[in-house]
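What follows is a single structure, written as structure tokens, with notes after it.
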Amino acid sequence: MQLAAAILMTLVRSALIVAVLMTILFGGYLAIAEAGPSLRERLETTDRLEELEQTAEQHTATIAARQADAVAHRARQQALQGRIDHVRATWREELDEELQAIDEAASEQIERVESSLQDSHQAMRESMSRMESEYCDSWNPVNWWTCRTIRQRAEELEKRADAQREAVEKTVEGLQEQAREDAQAFRRDAEERLEEQTAEFEQQLQSSLETMDELEAQRQELEREIDRIHEEEAVLRAQNWLWIEFRERWPHLLLVSLLIFAAPYMRRTLWYYAGMPLVSRAVPITLATTPEHRSEEIADLVCGESRRTLEIDVPAGRRLLARPGYIQSDRQGAKSEIFFDNQAPNLSYITGLVLLTHLKSHPPGDEPRRVMLGTPDDPDAYLMTVDLEDHPGIVIKARHVVGVIGDVKVDSTWRLSNLHAWATTQVRFIVFSGTGTLILEGYGDIHGRQLDEEREQKRMSRVVGFDTRLSYQTERTATFLPYLVDPGREPLVVDVFEGTGTIFFEKNPSARKRHRSTGEAIAGFFLDAFRRLLGL
């Protein structure tokens, strides 16, 4: 029966696993089926936008080429029109010059003929005048007869001269008529040739105008196509603006992300190789300044064992001041104490030692009062006693002090000008001195280690406090790569103590942070640095 039940449970568990896997696979299929077309559409939209941009650029280049062709055609048209005007003007000038030459030649010929006639007529008159004066004025009958004969001969010559004059005039008229006919024939021939060349030029001009019209039509068509492309591009950009914005800006976003991602590593590298070597050369911090304070004979310090629950004896005539909730035994006679030190209320408030539980011991001469102490709400916390006897002081982070027995004084000192203090971001040190007992709290465990002219290194986060007689400085961690990758586990700065005295440290300080709530973690992110700066 048990075997059957076990087999049945195995089958049911296997069926459930198979059903869950089938559900996950079906959900993945549905997600891919729904996201696939959308992703494909977005990718196609990107390709379409690129295609539209390329087409628009090609059309723009074509329009520019068409405009360049149109400008060239206009230039050719202007050149043709100029050639036509030049040919016409040249032909007119040549025609006028030819006609003027013909007129001048005819006029010169007429003038020469008329001049020749006038010269002949003048010579004949002069000859007749000489002959008449020689023969007609004489009384000699022979001369008289000769004179008569000469006059008859002169009249005949005059008639012949008139006939020649008429013939010359007719000849002149013929020359003039021939010149006019030649001029008209030349003009007609010149005009015919001019018209032929003008017709050829006008044909070329008309062809250029037709080409211009075609180019203009093509340009307008391309402009309409570009407007349509821009409209389609605007629609696609409006529909896919998020994808387009990401596609255009992802290199810059990636660069910024890489810079943000790499910034801590660059800062850590800079601090490791440049900052900390300079800090390590600074003068160590020494809080016990006088030889009496540095003497070992005048001070005594004893550390007890660390326990989760601590039982201590309060000597008769002394008091116990503890944080609220830490006293787990009989609290008979307890009362509240507002400040740890009424003469320094401000320091008590800053260190958190306020609203303490004041528990009186038995009267002098009686047995010590046994009190049980424990952390009220953290099982990882350990408690330890530190007995002071006329001690010049120990530096303790105030949050680790949960109780005080006896006459222990608290004071603070600053080190604003020391690089080691700034390297640990702690420029204020809380010092507990005098005679009495401090009850310290640590996480994971807490210990006190006595140094005798030794040198000790401790992680800064684990240090709870140290003896003021020790010199205190900082150094960089020995291993670079672990610090570069995870500074939480391997911090940059390590505390170095040297001399004779005691250092106090806890085992697992990160346990406190794991028990924080979300609100405490957020507040701690802003407050921890301030608390560490003030030595709290």
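By order of appearance in the structure tokens: chains A, B, ..., then residues from 1 within every chain, and ligands from 1 in the order shown.
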
Ile102 (chain A): which residues within 12 Å, counting only C-alpha atoms, same-chain residues fewer than 5 positions away excluded, as number ranges by chain? A: 95-97, 107-109, 175-184, 186

Could those selected residues go to a file with N, CA and C atoms, as an mmCIF file, in the first residue's frame?
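The result, stored in out.cif:
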data_model
loop_
_atom_site.group_PDB
_atom_site.id
_atom_site.type_symbol
_atom_site.label_atom_id
_atom_site.label_comp_id
_atom_site.auth_asym_id
_atom_site.auth_seq_id
_atom_site.Cartn_x
_atom_site.Cartn_y
_atom_site.Cartn_z
ATOM 1 N N LEU A 95 24.818 94.975 -94.526
ATOM 2 C CA LEU A 95 23.910 95.391 -95.618
ATOM 3 C C LEU A 95 23.955 96.891 -95.819
ATOM 4 N N ASP A 96 23.898 97.634 -94.730
ATOM 5 C CA ASP A 96 23.968 99.089 -94.834
ATOM 6 C C ASP A 96 25.298 99.519 -95.455
ATOM 7 N N GLU A 97 26.383 98.847 -95.024
ATOM 8 C CA GLU A 97 27.691 99.209 -95.595
ATOM 9 C C GLU A 97 27.752 98.903 -97.093
ATOM 10 N N SER A 107 27.367 107.240 -107.335
ATOM 11 C CA SER A 107 27.489 108.706 -107.266
ATOM 12 C C SER A 107 28.833 109.143 -107.835
ATOM 13 N N GLU A 108 29.898 108.394 -107.470
ATOM 14 C CA GLU A 108 31.222 108.754 -107.999
ATOM 15 C C GLU A 108 31.263 108.614 -109.527
ATOM 16 N N GLN A 109 30.633 107.563 -110.044
ATOM 17 C CA GLN A 109 30.638 107.368 -111.501
ATOM 18 C C GLN A 109 29.860 108.467 -112.199
ATOM 19 N N LEU A 175 22.635 103.287 -114.761
ATOM 20 C CA LEU A 175 23.518 102.886 -113.646
ATOM 21 C C LEU A 175 22.797 102.969 -112.305
ATOM 22 N N GLN A 176 22.047 104.062 -112.135
ATOM 23 C CA GLN A 176 21.318 104.197 -110.876
ATOM 24 C C GLN A 176 20.297 103.078 -110.715
ATOM 25 N N GLU A 177 19.595 102.795 -111.800
ATOM 26 C CA GLU A 177 18.596 101.728 -111.728
ATOM 27 C C GLU A 177 19.255 100.385 -111.442
ATOM 28 N N GLN A 178 20.403 100.144 -112.094
ATOM 29 C CA GLN A 178 21.132 98.895 -111.848
ATOM 30 C C GLN A 178 21.639 98.809 -110.417
ATOM 31 N N ALA A 179 22.101 99.945 -109.908
ATOM 32 C CA ALA A 179 22.573 99.969 -108.507
ATOM 33 C C ALA A 179 21.431 99.662 -107.544
ATOM 34 N N ARG A 180 20.248 100.253 -107.838
ATOM 35 C CA ARG A 180 19.103 99.969 -106.953
ATOM 36 C C ARG A 180 18.705 98.495 -107.046
ATOM 37 N N GLU A 181 18.721 97.972 -108.284
ATOM 38 C CA GLU A 181 18.369 96.555 -108.421
ATOM 39 C C GLU A 181 19.390 95.662 -107.703
ATOM 40 N N ASP A 182 20.685 95.995 -107.870
ATOM 41 C CA ASP A 182 21.712 95.205 -107.168
ATOM 42 C C ASP A 182 21.561 95.293 -105.649
ATOM 43 N N ALA A 183 21.267 96.503 -105.186
ATOM 44 C CA ALA A 183 21.094 96.680 -103.726
ATOM 45 C C ALA A 183 19.894 95.878 -103.229
ATOM 46 N N GLN A 184 18.782 95.948 -103.995
ATOM 47 C CA GLN A 184 17.603 95.190 -103.561
ATOM 48 C C GLN A 184 17.874 93.687 -103.587
ATOM 49 N N PHE A 186 20.802 92.244 -103.263
ATOM 50 C CA PHE A 186 21.690 91.950 -102.129
ATOM 51 C C PHE A 186 20.921 91.922 -100.810
#

So that I can check the secondary structure, give me every residue of region 234-474 of chain A assigned helix (DSSP H, G or I) by backbone DSSP, as a PyMOL selection string. chain A and resi 234-239+241-280+291-294+345-351+398-400+419-423+460-462

If you keep C-alpha atoms, can you produce a file of those selected residues as a compact mmCIF listing (two decimals), in the first residue's frame?
# COMPACT_ATOMS: atom_id res chain seq x y z
CA ALA A 234 5.87 61.81 -40.32
CA VAL A 235 3.12 59.19 -39.91
CA LEU A 236 5.64 56.41 -39.33
CA ARG A 237 7.61 58.54 -36.87
CA ALA A 238 4.41 59.40 -34.98
CA GLN A 239 3.46 55.72 -34.78
CA TRP A 241 8.47 57.40 -32.06
CA LEU A 242 9.59 55.37 -29.03
CA TRP A 243 11.51 52.83 -31.12
CA ILE A 244 12.96 55.58 -33.30
CA GLU A 245 14.09 57.58 -30.28
CA PHE A 246 15.73 54.49 -28.78
CA ARG A 247 17.40 53.59 -32.09
CA GLU A 248 18.81 57.11 -32.47
CA ARG A 249 19.98 57.44 -28.88
CA TRP A 250 21.05 53.95 -27.86
CA PRO A 251 24.78 54.57 -28.62
CA HIS A 252 24.78 57.60 -26.30
CA LEU A 253 22.74 55.72 -23.69
CA LEU A 254 25.13 52.78 -23.93
CA LEU A 255 28.14 55.11 -23.57
CA VAL A 256 26.62 56.84 -20.54
CA SER A 257 25.66 53.48 -19.02
CA LEU A 258 29.18 52.17 -19.54
CA LEU A 259 30.63 55.32 -17.98
CA ILE A 260 28.28 55.02 -15.01
CA PHE A 261 29.10 51.32 -14.74
CA ALA A 262 32.84 51.92 -15.01
CA ALA A 263 32.94 55.06 -12.82
CA PRO A 264 33.20 53.14 -9.50
CA TYR A 265 35.97 50.96 -10.90
CA MET A 266 37.86 53.98 -12.21
CA ARG A 267 37.40 55.74 -8.88
CA ARG A 268 38.60 52.68 -6.97
CA THR A 269 41.63 52.32 -9.23
CA LEU A 270 42.47 56.01 -8.82
CA TRP A 271 42.15 55.82 -5.05
CA TYR A 272 44.18 52.59 -4.85
CA TYR A 273 47.14 53.73 -6.95
CA ALA A 274 47.10 57.50 -6.39
CA GLY A 275 45.08 58.50 -3.33
CA MET A 276 46.01 55.96 -0.69
CA PRO A 277 49.79 56.04 -1.31
CA LEU A 278 49.67 59.76 -0.48
CA VAL A 279 47.48 59.19 2.57
CA SER A 280 49.80 56.45 3.86
CA PRO A 291 53.81 61.03 28.37
CA GLU A 292 51.65 60.33 31.45
CA HIS A 293 48.78 59.25 29.21
CA ARG A 294 51.10 57.04 27.17
CA PRO A 345 23.90 66.66 27.50
CA ASN A 346 24.72 67.53 23.91
CA LEU A 347 27.47 64.89 23.69
CA SER A 348 25.21 62.34 25.42
CA TYR A 349 22.46 63.03 22.92
CA ILE A 350 24.75 62.82 19.87
CA THR A 351 26.27 59.50 21.05
CA ALA A 398 29.22 55.17 20.56
CA ARG A 399 26.65 52.78 19.05
CA HIS A 400 28.60 49.81 20.47
CA LEU A 419 44.55 62.71 6.15
CA HIS A 420 44.10 59.37 7.92
CA ALA A 421 40.95 60.70 9.58
CA TRP A 422 39.52 61.77 6.22
CA ALA A 423 40.53 58.47 4.60
CA MET A 460 37.95 49.44 9.23
CA SER A 461 34.40 48.06 9.31
CA ARG A 462 35.33 45.50 12.02

Could you pull out the strand (DSSP E) residues of region 299-522 of chain A, going by DSSP on the backbone, and write them as an MDAnalysis selection string? chainID A and resid 300:303 309:314 319:322 335:339 354:360 369:374 381:396 401:414 428:443 446:459 463:467 471:476 493:506

Residues near region 447-457 of chain A, cut-off 10 Å, only C-alpha atoms, skip fewer than 2 positions along chain, as a count of residues only: 42

Would you mind listing what lies within 8 Å of region 326-340 of chain A as a ChimeraX atom specification, with only C-alpha atoms counted and same-chain residues fewer than 2 positions away left out? /A:321-324,342,345,348-349,353-360,371-376,402

Create the file for the chosen residues now, containing N, CA and C atoms and written as a PDB file, in the first residue's frame.
ATOM      1  N   LEU A 321      24.175  52.096  34.176  1.00  0.00           N
ATOM      2  CA  LEU A 321      23.386  52.792  33.153  1.00  0.00           C
ATOM      3  C   LEU A 321      23.392  51.933  31.890  1.00  0.00           C
ATOM      4  N   ALA A 322      22.219  51.522  31.439  1.00  0.00           N
ATOM      5  CA  ALA A 322      22.117  50.633  30.275  1.00  0.00           C
ATOM      6  C   ALA A 322      21.052  51.167  29.316  1.00  0.00           C
ATOM      7  N   ARG A 323      21.232  50.819  28.071  1.00  0.00           N
ATOM      8  CA  ARG A 323      20.227  51.203  27.068  1.00  0.00           C
ATOM      9  C   ARG A 323      18.918  50.479  27.360  1.00  0.00           C
ATOM     10  N   PRO A 324      17.803  51.058  26.948  1.00  0.00           N
ATOM     11  CA  PRO A 324      16.504  50.433  27.230  1.00  0.00           C
ATOM     12  C   PRO A 324      16.398  49.049  26.606  1.00  0.00           C
ATOM     13  N   ASN A 342      25.131  64.449  32.689  1.00  0.00           N
ATOM     14  CA  ASN A 342      24.293  65.650  32.762  1.00  0.00           C
ATOM     15  C   ASN A 342      25.082  66.924  32.485  1.00  0.00           C
ATOM     16  N   PRO A 345      25.125  67.233  28.091  1.00  0.00           N
ATOM     17  CA  PRO A 345      23.903  66.662  27.496  1.00  0.00           C
ATOM     18  C   PRO A 345      23.970  66.571  25.969  1.00  0.00           C
ATOM     19  N   SER A 348      25.993  63.538  25.088  1.00  0.00           N
ATOM     20  CA  SER A 348      25.214  62.344  25.415  1.00  0.00           C
ATOM     21  C   SER A 348      24.138  62.093  24.359  1.00  0.00           C
ATOM     22  N   TYR A 349      23.514  63.180  23.908  1.00  0.00           N
ATOM     23  CA  TYR A 349      22.456  63.027  22.918  1.00  0.00           C
ATOM     24  C   TYR A 349      23.025  62.577  21.567  1.00  0.00           C
ATOM     25  N   LEU A 353      23.448  57.990  23.977  1.00  0.00           N
ATOM     26  CA  LEU A 353      23.348  57.562  25.371  1.00  0.00           C
ATOM     27  C   LEU A 353      22.346  58.440  26.109  1.00  0.00           C
ATOM     28  N   VAL A 354      21.084  58.295  25.757  1.00  0.00           N
ATOM     29  CA  VAL A 354      19.991  59.054  26.360  1.00  0.00           C
ATOM     30  C   VAL A 354      18.857  58.085  26.699  1.00  0.00           C
ATOM     31  N   LEU A 355      17.995  58.530  27.581  1.00  0.00           N
ATOM     32  CA  LEU A 355      16.862  57.715  28.048  1.00  0.00           C
ATOM     33  C   LEU A 355      17.343  56.342  28.520  1.00  0.00           C
ATOM     34  N   LEU A 356      18.394  56.367  29.336  1.00  0.00           N
ATOM     35  CA  LEU A 356      18.999  55.142  29.845  1.00  0.00           C
ATOM     36  C   LEU A 356      18.248  54.630  31.073  1.00  0.00           C
ATOM     37  N   THR A 357      18.430  53.322  31.302  1.00  0.00           N
ATOM     38  CA  THR A 357      17.870  52.709  32.518  1.00  0.00           C
ATOM     39  C   THR A 357      18.922  52.769  33.626  1.00  0.00           C
ATOM     40  N   HIS A 358      18.595  53.442  34.702  1.00  0.00           N
ATOM     41  CA  HIS A 358      19.507  53.630  35.844  1.00  0.00           C
ATOM     42  C   HIS A 358      19.132  52.595  36.906  1.00  0.00           C
ATOM     43  N   LEU A 359      20.073  51.642  37.129  1.00  0.00           N
ATOM     44  CA  LEU A 359      19.835  50.587  38.113  1.00  0.00           C
ATOM     45  C   LEU A 359      20.850  50.731  39.242  1.00  0.00           C
ATOM     46  N   LYS A 360      20.327  50.931  40.446  1.00  0.00           N
ATOM     47  CA  LYS A 360      21.204  51.093  41.601  1.00  0.00           C
ATOM     48  C   LYS A 360      21.645  49.736  42.142  1.00  0.00           C
ATOM     49  N   VAL A 371      23.329  41.221  37.734  1.00  0.00           N
ATOM     50  CA  VAL A 371      22.402  41.688  36.688  1.00  0.00           C
ATOM     51  C   VAL A 371      22.695  40.903  35.409  1.00  0.00           C
ATOM     52  N   MET A 372      21.607  40.503  34.720  1.00  0.00           N
ATOM     53  CA  MET A 372      21.736  39.809  33.418  1.00  0.00           C
ATOM     54  C   MET A 372      21.430  40.797  32.296  1.00  0.00           C
ATOM     55  N   LEU A 373      22.358  40.852  31.312  1.00  0.00           N
ATOM     56  CA  LEU A 373      22.191  41.750  30.160  1.00  0.00           C
ATOM     57  C   LEU A 373      22.166  40.923  28.868  1.00  0.00           C
ATOM     58  N   GLY A 374      21.399  41.378  27.931  1.00  0.00           N
ATOM     59  CA  GLY A 374      21.337  40.710  26.622  1.00  0.00           C
ATOM     60  C   GLY A 374      20.672  41.624  25.600  1.00  0.00           C
ATOM     61  N   THR A 375      20.996  41.347  24.353  1.00  0.00           N
ATOM     62  CA  THR A 375      20.400  42.150  23.271  1.00  0.00           C
ATOM     63  C   THR A 375      18.929  41.806  23.152  1.00  0.00           C
ATOM     64  N   PRO A 376      18.049  42.787  23.170  1.00  0.00           N
ATOM     65  CA  PRO A 376      16.610  42.478  23.204  1.00  0.00           C
ATOM     66  C   PRO A 376      16.043  41.912  21.907  1.00  0.00           C
ATOM     67  N   VAL A 402      26.552  49.808  25.252  1.00  0.00           N
ATOM     68  CA  VAL A 402      25.156  49.553  25.674  1.00  0.00           C
ATOM     69  C   VAL A 402      24.984  49.730  27.177  1.00  0.00           C
TER      70      VAL A 402
END

Set the distance at 12 Å and use only C-alpha atoms: which residues neighbour Ala75 (chain A) once local chain neighbours fewer than 6 positions away are removed? I'd like the list as a list of chain:residue names.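 Selected residues are A:Ala68, A:Asp69, A:Gln81, A:Gly82, A:Leu205, A:Ser208, A:Leu209, A:Met212.
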
Output for the residues just chosen: N, CA and C atoms as a PDB file, in the first residue's frame:
ATOM      1  N   ALA A  68      20.110  72.482 -61.924  1.00  0.00           N
ATOM      2  CA  ALA A  68      21.373  72.822 -62.593  1.00  0.00           C
ATOM      3  C   ALA A  68      21.213  72.761 -64.116  1.00  0.00           C
ATOM      4  N   ASP A  69      20.475  71.731 -64.599  1.00  0.00           N
ATOM      5  CA  ASP A  69      20.219  71.642 -66.043  1.00  0.00           C
ATOM      6  C   ASP A  69      19.395  72.825 -66.524  1.00  0.00           C
ATOM      7  N   GLN A  81      19.899  83.657 -77.905  1.00  0.00           N
ATOM      8  CA  GLN A  81      19.240  84.936 -78.173  1.00  0.00           C
ATOM      9  C   GLN A  81      20.282  86.013 -78.455  1.00  0.00           C
ATOM     10  N   GLY A  82      21.369  85.978 -77.735  1.00  0.00           N
ATOM     11  CA  GLY A  82      22.437  86.949 -77.984  1.00  0.00           C
ATOM     12  C   GLY A  82      23.061  86.753 -79.354  1.00  0.00           C
ATOM     13  N   LEU A 205      16.275  77.352 -79.856  1.00  0.00           N
ATOM     14  CA  LEU A 205      15.694  78.027 -78.692  1.00  0.00           C
ATOM     15  C   LEU A 205      14.388  77.368 -78.293  1.00  0.00           C
ATOM     16  N   SER A 208      15.127  74.168 -76.561  1.00  0.00           N
ATOM     17  CA  SER A 208      15.573  74.438 -75.189  1.00  0.00           C
ATOM     18  C   SER A 208      14.399  74.780 -74.289  1.00  0.00           C
ATOM     19  N   LEU A 209      13.448  75.558 -74.800  1.00  0.00           N
ATOM     20  CA  LEU A 209      12.262  75.901 -74.003  1.00  0.00           C
ATOM     21  C   LEU A 209      11.445  74.654 -73.679  1.00  0.00           C
ATOM     22  N   MET A 212      13.185  72.848 -71.036  1.00  0.00           N
ATOM     23  CA  MET A 212      12.945  73.552 -69.766  1.00  0.00           C
ATOM     24  C   MET A 212      11.580  73.185 -69.195  1.00  0.00           C
TER      25      MET A 212
END

Calculate how many Å separate CA of Gly393 (chain A) from CA of Asp380 (chain A), rounding to one decimal.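 Between CA of Gly393 (chain A) and CA of Asp380 (chain A) the gap works out to 27.9 Å.
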
Proximity to Ser412 (chain A) - best of A:Arg160, A:Leu287, A:Ala381, A:Arg308, only C-alpha atoms: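 The answer is A:Leu287, which sits nearest to Ser412 (chain A).
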
12 Å contact set for Leu194 (chain A), only C-alpha atoms, chain neighbours under 5 positions out, as a PyMOL selection string: chain A and resi 83-92+94-95+186-189+199-202

Could you turn the residues from that selection into a file that holds C-alpha atoms, as a CSV table (one decimal), in the first residue's frame?
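Done, and the output landed in part.csv:
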chain,number,residue,atom,x,y,z
A,83,ARG,CA,23.8,85.2,-81.1
A,84,ILE,CA,20.6,85.9,-83.0
A,85,ASP,CA,20.6,89.6,-82.0
A,86,HIS,CA,24.4,89.8,-82.9
A,87,VAL,CA,23.8,88.1,-86.3
A,88,ARG,CA,20.9,90.4,-87.1
A,89,ALA,CA,22.9,93.5,-86.1
A,90,THR,CA,25.9,92.2,-88.0
A,91,TRP,CA,23.9,91.5,-91.2
A,92,ARG,CA,22.2,94.9,-90.9
A,94,GLU,CA,27.0,94.7,-93.5
A,95,LEU,CA,23.9,95.4,-95.6
A,186,PHE,CA,21.7,91.9,-102.1
A,187,ARG,CA,19.2,92.9,-99.4
A,188,ARG,CA,16.9,90.1,-100.4
A,189,ASP,CA,19.7,87.6,-100.4
A,199,ALA,CA,15.1,80.1,-88.0
A,200,GLU,CA,17.8,77.6,-87.0
A,201,PHE,CA,18.6,79.5,-83.9
A,202,GLU,CA,14.9,79.9,-83.0
